[in-house]
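entry.cif follows; it contains mmCIF, C-alpha atoms and all ligand atoms.
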```
data_data
loop_
_atom_site.label_atom_id
_atom_site.label_comp_id
_atom_site.auth_asym_id
_atom_site.auth_seq_id
_atom_site.Cartn_x
_atom_site.Cartn_y
_atom_site.Cartn_z
CA MET A 96 0.00 0.00 0.00
CA ASN A 97 1.36 3.44 -0.92
CA GLU A 98 1.83 6.10 1.74
CA ARG A 99 -1.28 8.23 2.12
CA ILE A 100 -1.61 10.78 -0.67
CA GLN A 101 -3.37 13.80 0.77
CA LEU A 102 -5.37 16.51 -0.93
CA SER A 103 -3.22 19.54 -0.04
CA THR A 104 -0.90 19.75 2.94
CA PRO A 105 1.33 22.56 4.24
CA HIS A 106 4.52 22.83 2.21
CA MET A 107 7.28 24.23 4.40
CA THR A 108 10.41 25.10 2.51
CA GLY A 109 13.01 25.87 5.18
CA ARG A 110 12.79 29.63 4.73
CA GLU A 111 10.22 30.10 7.46
CA MET A 112 12.28 29.36 10.59
CA LYS A 113 14.61 32.34 10.31
CA TYR A 114 11.67 34.73 10.59
CA ILE A 115 10.20 32.78 13.50
CA GLN A 116 13.59 32.73 15.23
CA GLU A 117 13.80 36.50 14.74
CA ALA A 118 10.41 36.90 16.41
CA PHE A 119 11.64 34.89 19.42
CA ASP A 120 15.01 36.64 19.54
CA THR A 121 13.37 40.06 19.62
CA ASN A 122 10.42 38.94 21.80
CA TRP A 123 7.83 40.06 19.24
CA ILE A 124 5.49 37.27 20.35
CA ALA A 125 2.41 39.41 19.78
CA PRO A 126 -0.14 40.39 17.16
CA ILE A 127 2.12 43.27 16.12
CA GLY A 128 5.75 43.31 15.04
CA PRO A 129 8.19 43.36 12.13
CA ASN A 130 7.01 40.07 10.59
CA ILE A 131 3.50 41.49 10.26
CA THR A 132 4.77 44.63 8.55
CA GLY A 133 7.15 42.60 6.38
CA PHE A 134 4.48 40.09 5.39
CA GLU A 135 2.06 42.89 4.48
CA GLN A 136 4.76 44.50 2.32
CA ASP A 137 5.46 41.15 0.62
CA LEU A 138 1.76 40.75 -0.14
CA CYS A 139 1.52 44.26 -1.61
CA GLN A 140 4.62 43.75 -3.70
CA PHE A 141 3.45 40.40 -5.03
CA THR A 142 -0.17 41.29 -5.75
CA GLY A 143 0.29 44.93 -6.69
CA SER A 144 -2.24 45.91 -4.04
CA ARG A 145 -1.73 49.34 -2.48
CA TYR A 146 -2.59 48.06 0.97
CA ALA A 147 -2.63 44.71 2.75
CA LEU A 148 -3.71 43.97 6.29
CA ALA A 149 -2.60 40.65 7.82
CA LEU A 150 -5.42 38.99 9.76
CA SER A 151 -6.22 35.86 11.76
CA SER A 152 -8.13 34.18 8.90
CA GLY A 153 -9.66 34.64 5.49
CA THR A 154 -13.06 34.53 7.16
CA ALA A 155 -12.04 37.45 9.39
CA ALA A 156 -10.92 39.32 6.28
CA ILE A 157 -14.34 38.88 4.62
CA HIS A 158 -16.00 39.96 7.85
CA LEU A 159 -13.96 43.19 7.87
CA ALA A 160 -14.36 43.76 4.14
CA LEU A 161 -18.15 43.68 4.43
CA HIS A 162 -18.13 45.75 7.62
CA ILE A 163 -16.08 48.57 6.08
CA LEU A 164 -18.44 48.62 3.10
CA GLY A 165 -21.22 49.35 5.58
CA VAL A 166 -23.00 45.98 5.41
CA GLY A 167 -25.34 45.70 8.38
CA LYS A 168 -28.62 44.39 9.68
CA GLY A 169 -31.16 43.54 6.98
CA ASP A 170 -28.90 44.41 4.03
CA ILE A 171 -28.79 42.18 0.94
CA VAL A 172 -25.41 40.80 -0.08
CA LEU A 173 -25.17 38.94 -3.40
CA CYS A 174 -22.82 36.01 -3.04
CA GLN A 175 -21.51 33.25 -5.30
CA SER A 176 -23.28 30.00 -4.42
CA LEU A 177 -20.51 27.59 -5.44
CA THR A 178 -17.99 28.16 -2.65
CA PHE A 179 -16.86 27.21 0.83
CA ILE A 180 -19.23 28.44 3.55
CA ALA A 181 -16.56 30.83 4.87
CA THR A 182 -17.51 33.17 2.00
CA ALA A 183 -21.08 33.47 3.24
CA ASN A 184 -20.83 33.20 7.02
CA PRO A 185 -19.61 36.79 7.58
CA ILE A 186 -22.79 38.06 5.87
CA LEU A 187 -24.70 36.36 8.71
CA TYR A 188 -22.30 37.67 11.38
CA LEU A 189 -23.29 41.20 10.34
CA GLY A 190 -27.02 40.44 10.47
CA ALA A 191 -27.31 40.87 6.70
CA ASN A 192 -29.14 38.57 4.27
CA PRO A 193 -27.28 36.66 1.56
CA ALA A 194 -28.81 35.91 -1.82
CA PHE A 195 -26.94 33.31 -3.83
CA ILE A 196 -25.92 33.50 -7.48
CA ASP A 197 -25.23 30.55 -9.79
CA SER A 198 -21.95 30.05 -11.66
CA GLU A 199 -21.27 30.12 -15.39
CA PRO A 200 -19.78 26.91 -16.80
CA THR A 201 -16.54 28.42 -18.16
CA THR A 202 -14.77 29.60 -14.98
CA TRP A 203 -17.24 27.95 -12.53
CA ASN A 204 -17.58 31.35 -10.84
CA MET A 205 -20.38 33.90 -10.51
CA CYS A 206 -22.41 34.33 -13.68
CA PRO A 207 -22.44 38.07 -14.59
CA ASP A 208 -25.85 37.83 -16.30
CA THR A 209 -27.46 36.12 -13.33
CA LEU A 210 -25.86 38.73 -11.09
CA GLU A 211 -27.56 41.47 -13.09
CA THR A 212 -30.90 39.64 -12.92
CA ALA A 213 -30.60 39.49 -9.13
CA ILE A 214 -29.67 43.16 -8.85
CA LYS A 215 -32.67 44.17 -11.01
CA HIS A 216 -34.92 41.98 -8.86
CA TYR A 217 -33.86 43.78 -5.68
CA LEU A 218 -33.91 47.24 -7.24
CA ALA A 219 -37.52 46.61 -8.32
CA LEU A 220 -38.28 45.89 -4.66
CA GLY A 221 -36.57 49.13 -3.68
CA LYS A 222 -33.82 47.22 -1.94
CA LYS A 223 -30.42 47.92 -3.46
CA PRO A 224 -27.88 45.18 -2.62
CA LYS A 225 -25.11 46.46 -0.39
CA ALA A 226 -22.25 44.36 -1.83
CA VAL A 227 -21.35 41.58 -4.25
CA VAL A 228 -18.99 38.77 -3.21
CA VAL A 229 -17.32 36.89 -6.05
CA VAL A 230 -15.01 33.89 -5.60
CA HIS A 231 -12.03 32.73 -7.69
CA LEU A 232 -12.74 29.06 -7.19
CA TYR A 233 -9.83 26.61 -7.01
CA GLY A 234 -7.66 29.51 -8.21
CA MET A 235 -9.56 30.25 -11.43
CA PRO A 236 -10.29 33.96 -11.87
CA ALA A 237 -13.97 34.83 -12.31
CA GLN A 238 -15.18 36.77 -15.37
CA LEU A 239 -14.05 39.97 -13.70
CA LYS A 240 -14.51 42.41 -16.57
CA GLU A 241 -18.19 41.53 -16.96
CA ILE A 242 -18.82 41.42 -13.21
CA ILE A 243 -17.10 44.76 -12.63
CA LEU A 244 -19.21 46.30 -15.41
CA VAL A 245 -22.43 45.08 -13.81
CA CYS A 246 -21.33 46.29 -10.36
CA ALA A 247 -20.33 49.69 -11.79
CA LYS A 248 -23.60 50.03 -13.72
CA TYR A 249 -25.59 49.73 -10.49
CA ASP A 250 -22.95 51.27 -8.23
CA ILE A 251 -22.55 48.27 -5.92
CA PRO A 252 -19.13 47.52 -4.40
CA LEU A 253 -17.39 44.25 -5.26
CA VAL A 254 -15.52 42.04 -2.79
CA GLU A 255 -13.22 39.38 -4.21
CA ASP A 256 -12.81 36.19 -2.22
CA ALA A 257 -9.36 35.22 -3.46
CA ALA A 258 -8.78 32.78 -0.58
CA GLU A 259 -7.90 30.05 -3.06
CA ALA A 260 -6.32 32.26 -5.68
CA LEU A 261 -3.11 33.89 -4.42
CA GLY A 262 -0.83 33.85 -7.47
CA SER A 263 -3.67 33.81 -10.01
CA THR A 264 -3.88 36.64 -12.52
CA TYR A 265 -6.52 38.12 -14.81
CA PHE A 266 -5.08 39.75 -17.93
CA GLY A 267 -1.75 40.11 -16.14
CA GLN A 268 -3.04 41.61 -12.91
CA ASN A 269 -3.28 39.66 -9.66
CA VAL A 270 -6.77 38.81 -8.49
CA GLY A 271 -7.84 40.37 -5.20
CA VAL A 272 -7.02 43.93 -6.31
CA PHE A 273 -9.95 44.50 -8.70
CA GLY A 274 -12.70 44.99 -6.14
CA TYR A 275 -13.16 47.50 -3.33
CA ALA A 276 -11.68 44.79 -1.15
CA GLY A 277 -10.05 41.44 -1.76
CA ILE A 278 -9.33 38.71 0.70
CA LEU A 279 -6.70 35.96 0.97
CA SER A 280 -6.47 32.88 3.19
CA PHE A 281 -3.36 31.26 4.62
CA ASN A 282 -5.09 28.26 6.14
CA GLY A 283 -3.09 25.03 6.30
CA ASN A 284 -4.37 23.66 2.98
CA LYS A 285 -4.08 26.84 0.88
CA ILE A 286 -1.32 27.63 -1.60
CA ILE A 287 0.72 29.26 1.15
CA THR A 288 0.04 28.93 4.85
CA THR A 289 0.75 30.76 8.09
CA SER A 290 -0.79 27.76 9.93
CA GLY A 291 -3.93 29.87 9.98
CA GLY A 292 -4.32 33.41 8.76
CA GLY A 293 -5.68 35.71 6.13
CA ALA A 294 -5.32 39.16 4.65
CA LEU A 295 -7.45 42.01 3.44
CA LEU A 296 -6.33 43.78 0.26
CA CYS A 297 -7.68 47.24 -0.43
CA GLN A 298 -6.79 50.28 -2.49
CA ARG A 299 -8.19 53.11 -0.38
CA PRO A 300 -6.35 54.46 2.68
CA ASP A 301 -9.59 55.09 4.58
CA TYR A 302 -10.59 51.42 4.13
CA LEU A 303 -7.23 50.25 5.44
CA GLU A 304 -7.45 52.56 8.43
CA LYS A 305 -11.00 51.48 9.23
CA ALA A 306 -10.14 47.77 8.87
CA ARG A 307 -7.08 48.12 11.10
CA PHE A 308 -9.19 49.93 13.70
CA LEU A 309 -11.92 47.26 13.66
CA ALA A 310 -9.46 44.34 13.67
CA SER A 311 -8.00 45.47 17.00
CA GLN A 312 -11.08 46.15 19.16
CA ALA A 313 -11.98 49.59 17.68
CA LYS A 314 -9.99 51.60 20.19
CA ASP A 315 -10.54 55.33 19.81
CA ASN A 316 -7.69 57.79 19.80
CA ALA A 317 -7.21 58.47 23.53
CA SER A 318 -4.60 57.79 26.21
CA HIS A 319 -6.99 55.44 28.02
CA TYR A 320 -9.19 52.69 26.52
CA GLU A 321 -12.04 54.53 24.83
CA HIS A 322 -14.56 52.78 22.55
CA SER A 323 -17.49 54.13 20.59
CA GLU A 324 -18.24 51.13 18.34
CA THR A 325 -17.94 47.34 18.26
CA GLY A 326 -14.63 45.99 17.05
CA TYR A 327 -13.10 42.54 16.74
CA ASN A 328 -9.89 40.75 17.56
CA HIS A 329 -8.95 39.66 14.04
CA GLN A 330 -5.19 40.23 14.08
CA LEU A 331 -2.51 37.77 12.97
CA SER A 332 0.32 36.74 15.29
CA ASN A 333 3.79 38.08 14.50
CA VAL A 334 5.09 34.49 14.84
CA CYS A 335 2.63 33.21 12.21
CA ALA A 336 3.40 36.16 9.94
CA GLY A 337 7.00 34.90 10.02
CA ILE A 338 5.86 31.66 8.38
CA GLY A 339 4.10 33.77 5.78
CA ARG A 340 7.26 35.74 4.97
CA GLY A 341 9.16 32.52 4.37
CA GLN A 342 6.34 31.18 2.19
CA MET A 343 6.19 34.38 0.12
CA GLU A 344 9.81 33.84 -0.92
CA VAL A 345 8.77 30.68 -2.78
CA LEU A 346 5.19 31.49 -3.79
CA LYS A 347 6.07 31.67 -7.49
CA ASP A 348 7.58 28.17 -7.35
CA LEU A 349 4.58 26.82 -5.46
CA VAL A 350 2.28 28.15 -8.19
CA GLU A 351 4.47 26.54 -10.86
CA LYS A 352 4.37 23.21 -8.99
CA ARG A 353 0.57 23.28 -8.68
CA ARG A 354 0.26 24.16 -12.36
CA SER A 355 2.51 21.31 -13.40
CA ILE A 356 0.42 18.92 -11.28
CA PHE A 357 -2.66 20.09 -13.15
CA ASP A 358 -0.92 19.58 -16.51
CA LEU A 359 0.18 16.10 -15.51
CA TYR A 360 -3.33 15.06 -14.45
CA ARG A 361 -4.85 16.49 -17.58
CA SER A 362 -2.43 14.79 -19.94
CA ARG A 363 -2.95 11.46 -18.10
CA LEU A 364 -6.74 11.60 -17.80
CA LYS A 365 -7.99 13.61 -20.76
CA ASP A 366 -8.69 10.58 -22.95
CA ILE A 367 -11.08 8.98 -20.48
CA PRO A 368 -14.58 9.38 -22.01
CA GLY A 369 -16.56 12.25 -20.50
CA VAL A 370 -13.66 13.74 -18.55
CA SER A 371 -13.08 17.50 -18.48
CA PHE A 372 -11.24 20.12 -16.43
CA GLN A 373 -11.58 23.77 -15.42
CA GLU A 374 -9.95 25.37 -18.46
CA GLU A 375 -8.20 28.73 -18.66
CA GLN A 376 -9.58 31.17 -21.21
CA ILE A 377 -7.31 33.75 -22.85
CA GLY A 378 -6.08 36.19 -20.20
CA PHE A 379 -6.96 33.87 -17.31
CA PHE A 380 -4.10 32.41 -15.27
CA SER A 381 -4.98 30.05 -12.40
CA ASN A 382 -2.65 29.11 -9.55
CA ARG A 383 -4.30 25.65 -9.87
CA TRP A 384 -4.75 25.42 -6.12
CA LEU A 385 -6.71 22.20 -6.61
CA THR A 386 -7.10 20.15 -9.76
CA VAL A 387 -10.72 19.12 -10.23
CA VAL A 388 -11.77 16.39 -12.64
CA VAL A 389 -15.34 16.42 -13.95
CA PHE A 390 -17.17 13.38 -15.33
CA ASP A 391 -19.99 14.12 -17.74
CA PRO A 392 -22.77 11.73 -16.67
CA LYS A 393 -23.94 11.48 -20.30
CA GLU A 394 -20.62 9.94 -21.31
CA SER A 395 -19.35 8.37 -18.12
CA GLU A 396 -20.75 5.97 -15.53
CA ILE A 397 -18.31 7.27 -12.94
CA ARG A 398 -19.75 9.20 -10.01
CA PRO A 399 -17.48 11.26 -7.75
CA GLU A 400 -18.57 9.46 -4.59
CA THR A 401 -17.85 6.00 -6.10
CA LEU A 402 -14.45 7.20 -7.22
CA ARG A 403 -13.72 8.89 -3.90
CA LEU A 404 -14.48 5.69 -1.95
CA ALA A 405 -12.43 3.54 -4.33
CA LEU A 406 -9.44 5.90 -4.13
CA GLU A 407 -9.78 6.02 -0.35
CA LYS A 408 -9.21 2.23 -0.35
CA SER A 409 -5.85 2.93 -2.03
CA ASN A 410 -5.06 5.50 0.67
CA ILE A 411 -5.68 8.45 -1.65
CA GLU A 412 -7.59 11.46 -0.32
CA THR A 413 -9.95 13.27 -2.68
CA ARG A 414 -12.80 15.66 -1.99
CA HIS A 415 -16.12 16.64 -3.48
CA VAL A 416 -16.48 19.99 -5.18
CA TRP A 417 -17.92 22.52 -2.71
CA LYS A 418 -21.61 21.91 -2.13
CA PRO A 419 -23.38 25.08 -3.32
CA MET A 420 -24.65 27.38 -0.59
CA HIS A 421 -28.21 27.36 -1.93
CA LEU A 422 -28.34 23.59 -1.30
CA GLN A 423 -27.09 23.84 2.29
CA PRO A 424 -29.63 23.17 5.07
CA ILE A 425 -28.63 26.41 6.83
CA PHE A 426 -29.62 28.40 3.70
CA LYS A 427 -32.79 26.50 2.76
CA ASN A 428 -34.91 29.66 2.93
CA THR A 429 -32.35 31.92 1.29
CA PRO A 430 -33.05 33.43 -2.16
CA TYR A 431 -31.20 31.87 -5.10
CA PHE A 432 -30.79 33.13 -8.66
CA GLY A 433 -29.76 30.87 -11.51
CA GLY A 434 -30.00 27.34 -12.79
CA ASN A 435 -28.09 24.16 -12.14
CA VAL A 436 -24.48 24.97 -13.14
CA ALA A 437 -23.14 24.98 -9.57
CA GLU A 438 -25.24 21.97 -8.65
CA THR A 439 -23.98 19.98 -11.66
CA LEU A 440 -20.35 20.77 -10.83
CA PHE A 441 -20.99 19.59 -7.28
CA GLU A 442 -22.53 16.36 -8.54
CA THR A 443 -19.95 15.58 -11.22
CA GLY A 444 -16.59 16.93 -9.98
CA LEU A 445 -13.90 15.54 -7.71
CA CYS A 446 -10.89 17.43 -6.27
CA LEU A 447 -7.65 15.48 -6.67
CA PRO A 448 -4.52 15.55 -4.50
CA SER A 449 -2.80 18.77 -5.61
CA GLY A 450 -0.28 19.76 -2.91
CA SER A 451 2.89 21.43 -4.18
CA ASN A 452 4.88 18.97 -2.04
CA LEU A 453 3.50 15.91 -3.86
CA PRO A 454 6.09 14.16 -6.03
CA PRO A 455 5.18 13.51 -9.69
CA GLU A 456 5.14 9.77 -8.83
CA SER A 457 2.14 10.35 -6.55
CA ILE A 458 0.30 12.10 -9.36
CA GLN A 459 1.10 9.08 -11.56
CA VAL A 460 -0.25 6.71 -8.91
CA VAL A 461 -3.50 8.71 -8.58
CA SER A 462 -3.90 9.00 -12.37
CA GLU A 463 -3.33 5.27 -12.88
CA LYS A 464 -5.86 4.36 -10.20
CA ILE A 465 -8.45 6.67 -11.75
CA SER A 466 -7.81 5.25 -15.23
CA GLU A 467 -8.14 1.70 -13.87
CA LEU A 468 -11.36 2.49 -12.05
CA CYS A 469 -12.82 4.16 -15.14
CA GLU A 470 -12.08 1.14 -17.32
CA LYS A 471 -14.01 -1.23 -15.05
C1 LIG A 501 -10.40 28.87 2.74
C2 LIG A 501 -11.46 29.72 2.22
C3 LIG A 501 -11.98 30.80 2.96
C4 LIG A 501 -11.69 31.03 4.39
O1 LIG A 501 -10.40 31.19 4.77
P1 LIG A 501 -9.97 30.84 6.28
O2 LIG A 501 -8.60 31.39 6.35
O3 LIG A 501 -10.02 29.35 6.41
O4 LIG A 501 -10.91 31.51 7.21
C5 LIG A 501 -12.89 31.63 2.34
N1 LIG A 501 -13.32 31.42 1.10
C6 LIG A 501 -12.86 30.37 0.37
C7 LIG A 501 -13.37 30.23 -1.03
C8 LIG A 501 -11.95 29.48 0.90
O5 LIG A 501 -11.54 28.44 0.17
#
```
Have the structure of the file written as structure tokens, please.
Ligand SMILES: *Cc1c(COP(=O)(O)O)cnc(C)c1O
Amino acid sequence: MNERIQLSTPHMTGREMKYIQEAFDTNWIAPIGPNITGFEQDLCQFTGSRYALALSSGTAAIHLALHILGVGKGDIVLCQSLTFIATANPILYLGANPAFIDSEPTTWNMCPDTLETAIKHYLALGKKPKAVVVVHLYGMPAQLKEIILVCAKYDIPLVEDAAEALGSTYFGQNVGVFGYAGILSFNGNKIITTSGGGALLCQRPDYLEKARFLASQAKDNASHYEHSETGYNHQLSNVCAGIGRGQMEVLKDLVEKRRSIFDLYRSRLKDIPGVSFQEEQIGFFSNRWLTVVVFDPKESEIRPETLRLALEKSNIETRHVWKPMHLQPIFKNTPYFGGNVAETLFETGLCLPSGSNLPPESIQVVSEKISELCEK
């Protein structure tokens, strides 16, 4: 039996410890310090964002992004349905109401036409949506030009959930810097990790200032502790930011590794009847955080759950595509706009082991097993 092949595990490269040692040597064992500042600078330099704020998680970053855009009780926030629940939870934290939008089949992300339909629906009710949250799923940029046009037409701010997409670009520009706010995640399974962490990217100084203020308990400018609004404790540790600085030094290589894993899977599996992948259109560059294989039920008998269980027997970890938010029990009474694109991807796709620390031999093993199982 082969050693367990996991979906996506932390990939430490040896560059992290020097920053952590520095934190210990200088006693910056706190949610402030030089690693935080350095990590934020690295993120700005890499993404081209004017500002970056290091935070305790990607979820915290979405929470702050929506808060600084003024999302509050009873507001409508239009959110991509095909995503991890962390995209939508902060809408609930703020007492606002999500409405979910289907994907388009090309990028698997928010459909711009359906977005416009939803906006028109709410405008007709006299209820202008407060924000739009788009996701760059598995690293694939959404159709940003079209989505930005729709948002601009109705003057609704866009938030980009780029938790899975650090290193992805759209016509040469990094994702996460197109909207009023962008968010990143450095959870253990993401393309880089700080063991747990996230960041807010924004282009306006007042947004940065407000986010910083809210992330550290909303302390007013006074010599004592003075508070006039509710804040949070959403800061990242200076020790964890040290891991991030080390990871940023190799981010480009990690993206290349993930992309080569995708290429390897595709070349090995593409001839299986009914198989397809999330393809890049011209101008779209994905970090290929996870490779997802899709089986067209019209041409293939294979179902993701059958394949997942069979691969599990060979000690290979795979995972279903995110179950769309509009199909989640917690959102059963939540409005949904669109058809069955997200649902079909959920029912027909399977995420394959894609960690940048996986050797090509492991990708071979997984590909061979899948080919075998598909021939049966
Ligand atoms: C991981 C992830 C998040 C949340 O990030 P955390 O750092 O785990 O809070 C948000 N959105 C998407 C799409 C994600 O994949």
- Query: Using all atoms listed in the file, what are the residues with an atom within 6 Å of ligand LIG 501 (chain A), set out as a ChimeraX atom specification?
  - Reply: /A:152-154,178-179,181-182,256,258-259,280-282,292-293
- Item | stretch 423-436 of chain A surroundings by all atoms listed in the file, 12 Å radius, close-in-sequence under 5 positions cut, as an MDAnalysis selection string | chainID A and resid 171:180 183:184 187 191:217 417:418 441:444
- Item | Close residues, A:Gly277 itself excluded, 7 Å, all atoms listed in the file, min 4 positions apart in chain, as a PyMOL selection string | chain A and resi 254-257+271-272+295-297
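For A:Gly378, the set of protein, DNA and RNA residues having any atom at most 9 Å away, when counting all atoms listed in the file and skipping those fewer than 2 positions along the same chain, is Thr264, Tyr265, Phe266, Gly267, Glu375, Gln376 and Phe380 of chain A.
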- Item | Nearest candidate to A:Asn284 (options A:Ser451, A:Ser466, A:Gln459, A:Gln116; using all atoms listed in the file) |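 Checking each candidate against A:Asn284, we get A:Ser451 as the closest.
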- Message: So that I can check the surroundings of A:Ile115, please list as a ChimeraX atom specification every protein, DNA and RNA residue that reaches within 10 Å of it, counting all atoms listed in the file and ignoring chain neighbours fewer than 4 positions away.
- Response: /A:110-111,119-120,123-124,130,333-341
- Message: Given all atoms listed in the file as the basis, pick out the residue of A:Leu309, A:Ala118, A:Ile243, A:Ile397 nearest to A:Leu445.
- Response: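 Smallest separation from A:Leu445 among the options: A:Ile397.
Of the residues under consideration (A:Ile278, A:Leu406, A:Leu253, A:Met420), A:Leu406 shows the shortest atom-to-atom contact distance to A:Gln101 when counting all atoms listed in the file.
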Can you sort out stretch 342-349 of chain A so it carries all heavy atoms, written as a PDB file, in the frame of the given file?
```
ATOM      1  N   GLN A 342       7.136  31.758   3.285  1.00  0.00           N
ATOM      2  CA  GLN A 342       6.340  31.180   2.190  1.00  0.00           C
ATOM      3  C   GLN A 342       6.295  32.113   0.971  1.00  0.00           C
ATOM      4  O   GLN A 342       6.305  31.648  -0.165  1.00  0.00           O
ATOM      5  CB  GLN A 342       4.915  30.901   2.688  1.00  0.00           C
ATOM      6  CG  GLN A 342       4.858  29.833   3.775  1.00  0.00           C
ATOM      7  CD  GLN A 342       4.499  28.466   3.210  1.00  0.00           C
ATOM      8  OE1 GLN A 342       3.369  28.205   2.867  1.00  0.00           O
ATOM      9  NE2 GLN A 342       5.492  27.610   3.103  1.00  0.00           N
ATOM     10  N   MET A 343       6.249  33.417   1.240  1.00  0.00           N
ATOM     11  CA  MET A 343       6.190  34.380   0.120  1.00  0.00           C
ATOM     12  C   MET A 343       7.439  34.311  -0.746  1.00  0.00           C
ATOM     13  O   MET A 343       7.382  34.586  -1.949  1.00  0.00           O
ATOM     14  CB  MET A 343       5.976  35.807   0.640  1.00  0.00           C
ATOM     15  CG  MET A 343       4.565  36.121   1.110  1.00  0.00           C
ATOM     16  SD  MET A 343       3.273  35.796  -0.089  1.00  0.00           S
ATOM     17  CE  MET A 343       3.515  37.155  -1.248  1.00  0.00           C
ATOM     18  N   GLU A 344       8.557  33.922  -0.148  1.00  0.00           N
ATOM     19  CA  GLU A 344       9.810  33.840  -0.920  1.00  0.00           C
ATOM     20  C   GLU A 344       9.719  32.768  -2.007  1.00  0.00           C
ATOM     21  O   GLU A 344      10.459  32.822  -2.983  1.00  0.00           O
ATOM     22  CB  GLU A 344      10.989  33.511   0.016  1.00  0.00           C
ATOM     23  CG  GLU A 344      11.369  34.649   0.938  1.00  0.00           C
ATOM     24  CD  GLU A 344      12.625  34.336   1.759  1.00  0.00           C
ATOM     25  OE1 GLU A 344      13.358  33.389   1.396  1.00  0.00           O
ATOM     26  OE2 GLU A 344      12.850  35.033   2.757  1.00  0.00           O
ATOM     27  N   VAL A 345       8.833  31.784  -1.820  1.00  0.00           N
ATOM     28  CA  VAL A 345       8.770  30.680  -2.780  1.00  0.00           C
ATOM     29  C   VAL A 345       7.417  30.577  -3.478  1.00  0.00           C
ATOM     30  O   VAL A 345       7.159  29.624  -4.216  1.00  0.00           O
ATOM     31  CB  VAL A 345       9.065  29.327  -2.080  1.00  0.00           C
ATOM     32  CG1 VAL A 345      10.510  29.284  -1.598  1.00  0.00           C
ATOM     33  CG2 VAL A 345       8.117  29.088  -0.921  1.00  0.00           C
ATOM     34  N   LEU A 346       6.549  31.574  -3.244  1.00  0.00           N
ATOM     35  CA  LEU A 346       5.190  31.490  -3.790  1.00  0.00           C
ATOM     36  C   LEU A 346       5.175  31.193  -5.298  1.00  0.00           C
ATOM     37  O   LEU A 346       4.411  30.361  -5.776  1.00  0.00           O
ATOM     38  CB  LEU A 346       4.409  32.777  -3.459  1.00  0.00           C
ATOM     39  CG  LEU A 346       3.026  32.912  -4.082  1.00  0.00           C
ATOM     40  CD1 LEU A 346       2.133  31.716  -3.780  1.00  0.00           C
ATOM     41  CD2 LEU A 346       2.360  34.204  -3.599  1.00  0.00           C
ATOM     42  N   LYS A 347       6.038  31.880  -6.035  1.00  0.00           N
ATOM     43  CA  LYS A 347       6.070  31.670  -7.490  1.00  0.00           C
ATOM     44  C   LYS A 347       6.327  30.208  -7.835  1.00  0.00           C
ATOM     45  O   LYS A 347       5.694  29.648  -8.733  1.00  0.00           O
ATOM     46  CB  LYS A 347       7.162  32.555  -8.133  1.00  0.00           C
ATOM     47  CG  LYS A 347       6.656  33.914  -8.552  1.00  0.00           C
ATOM     48  CD  LYS A 347       7.435  34.420  -9.789  1.00  0.00           C
ATOM     49  CE  LYS A 347       6.550  35.253 -10.677  1.00  0.00           C
ATOM     50  NZ  LYS A 347       6.083  36.493 -10.008  1.00  0.00           N
ATOM     51  N   ASP A 348       7.272  29.586  -7.104  1.00  0.00           N
ATOM     52  CA  ASP A 348       7.580  28.170  -7.350  1.00  0.00           C
ATOM     53  C   ASP A 348       6.395  27.278  -6.976  1.00  0.00           C
ATOM     54  O   ASP A 348       6.121  26.285  -7.648  1.00  0.00           O
ATOM     55  CB  ASP A 348       8.792  27.716  -6.508  1.00  0.00           C
ATOM     56  CG  ASP A 348      10.018  28.553  -6.796  1.00  0.00           C
ATOM     57  OD1 ASP A 348      10.110  29.084  -7.918  1.00  0.00           O
ATOM     58  OD2 ASP A 348      10.876  28.681  -5.900  1.00  0.00           O
ATOM     59  N   LEU A 349       5.716  27.637  -5.887  1.00  0.00           N
ATOM     60  CA  LEU A 349       4.580  26.820  -5.460  1.00  0.00           C
ATOM     61  C   LEU A 349       3.473  26.859  -6.521  1.00  0.00           C
ATOM     62  O   LEU A 349       2.823  25.846  -6.794  1.00  0.00           O
ATOM     63  CB  LEU A 349       4.041  27.287  -4.099  1.00  0.00           C
ATOM     64  CG  LEU A 349       5.029  27.239  -2.923  1.00  0.00           C
ATOM     65  CD1 LEU A 349       4.330  27.608  -1.610  1.00  0.00           C
ATOM     66  CD2 LEU A 349       5.683  25.877  -2.780  1.00  0.00           C
TER      67      LEU A 349
END
```
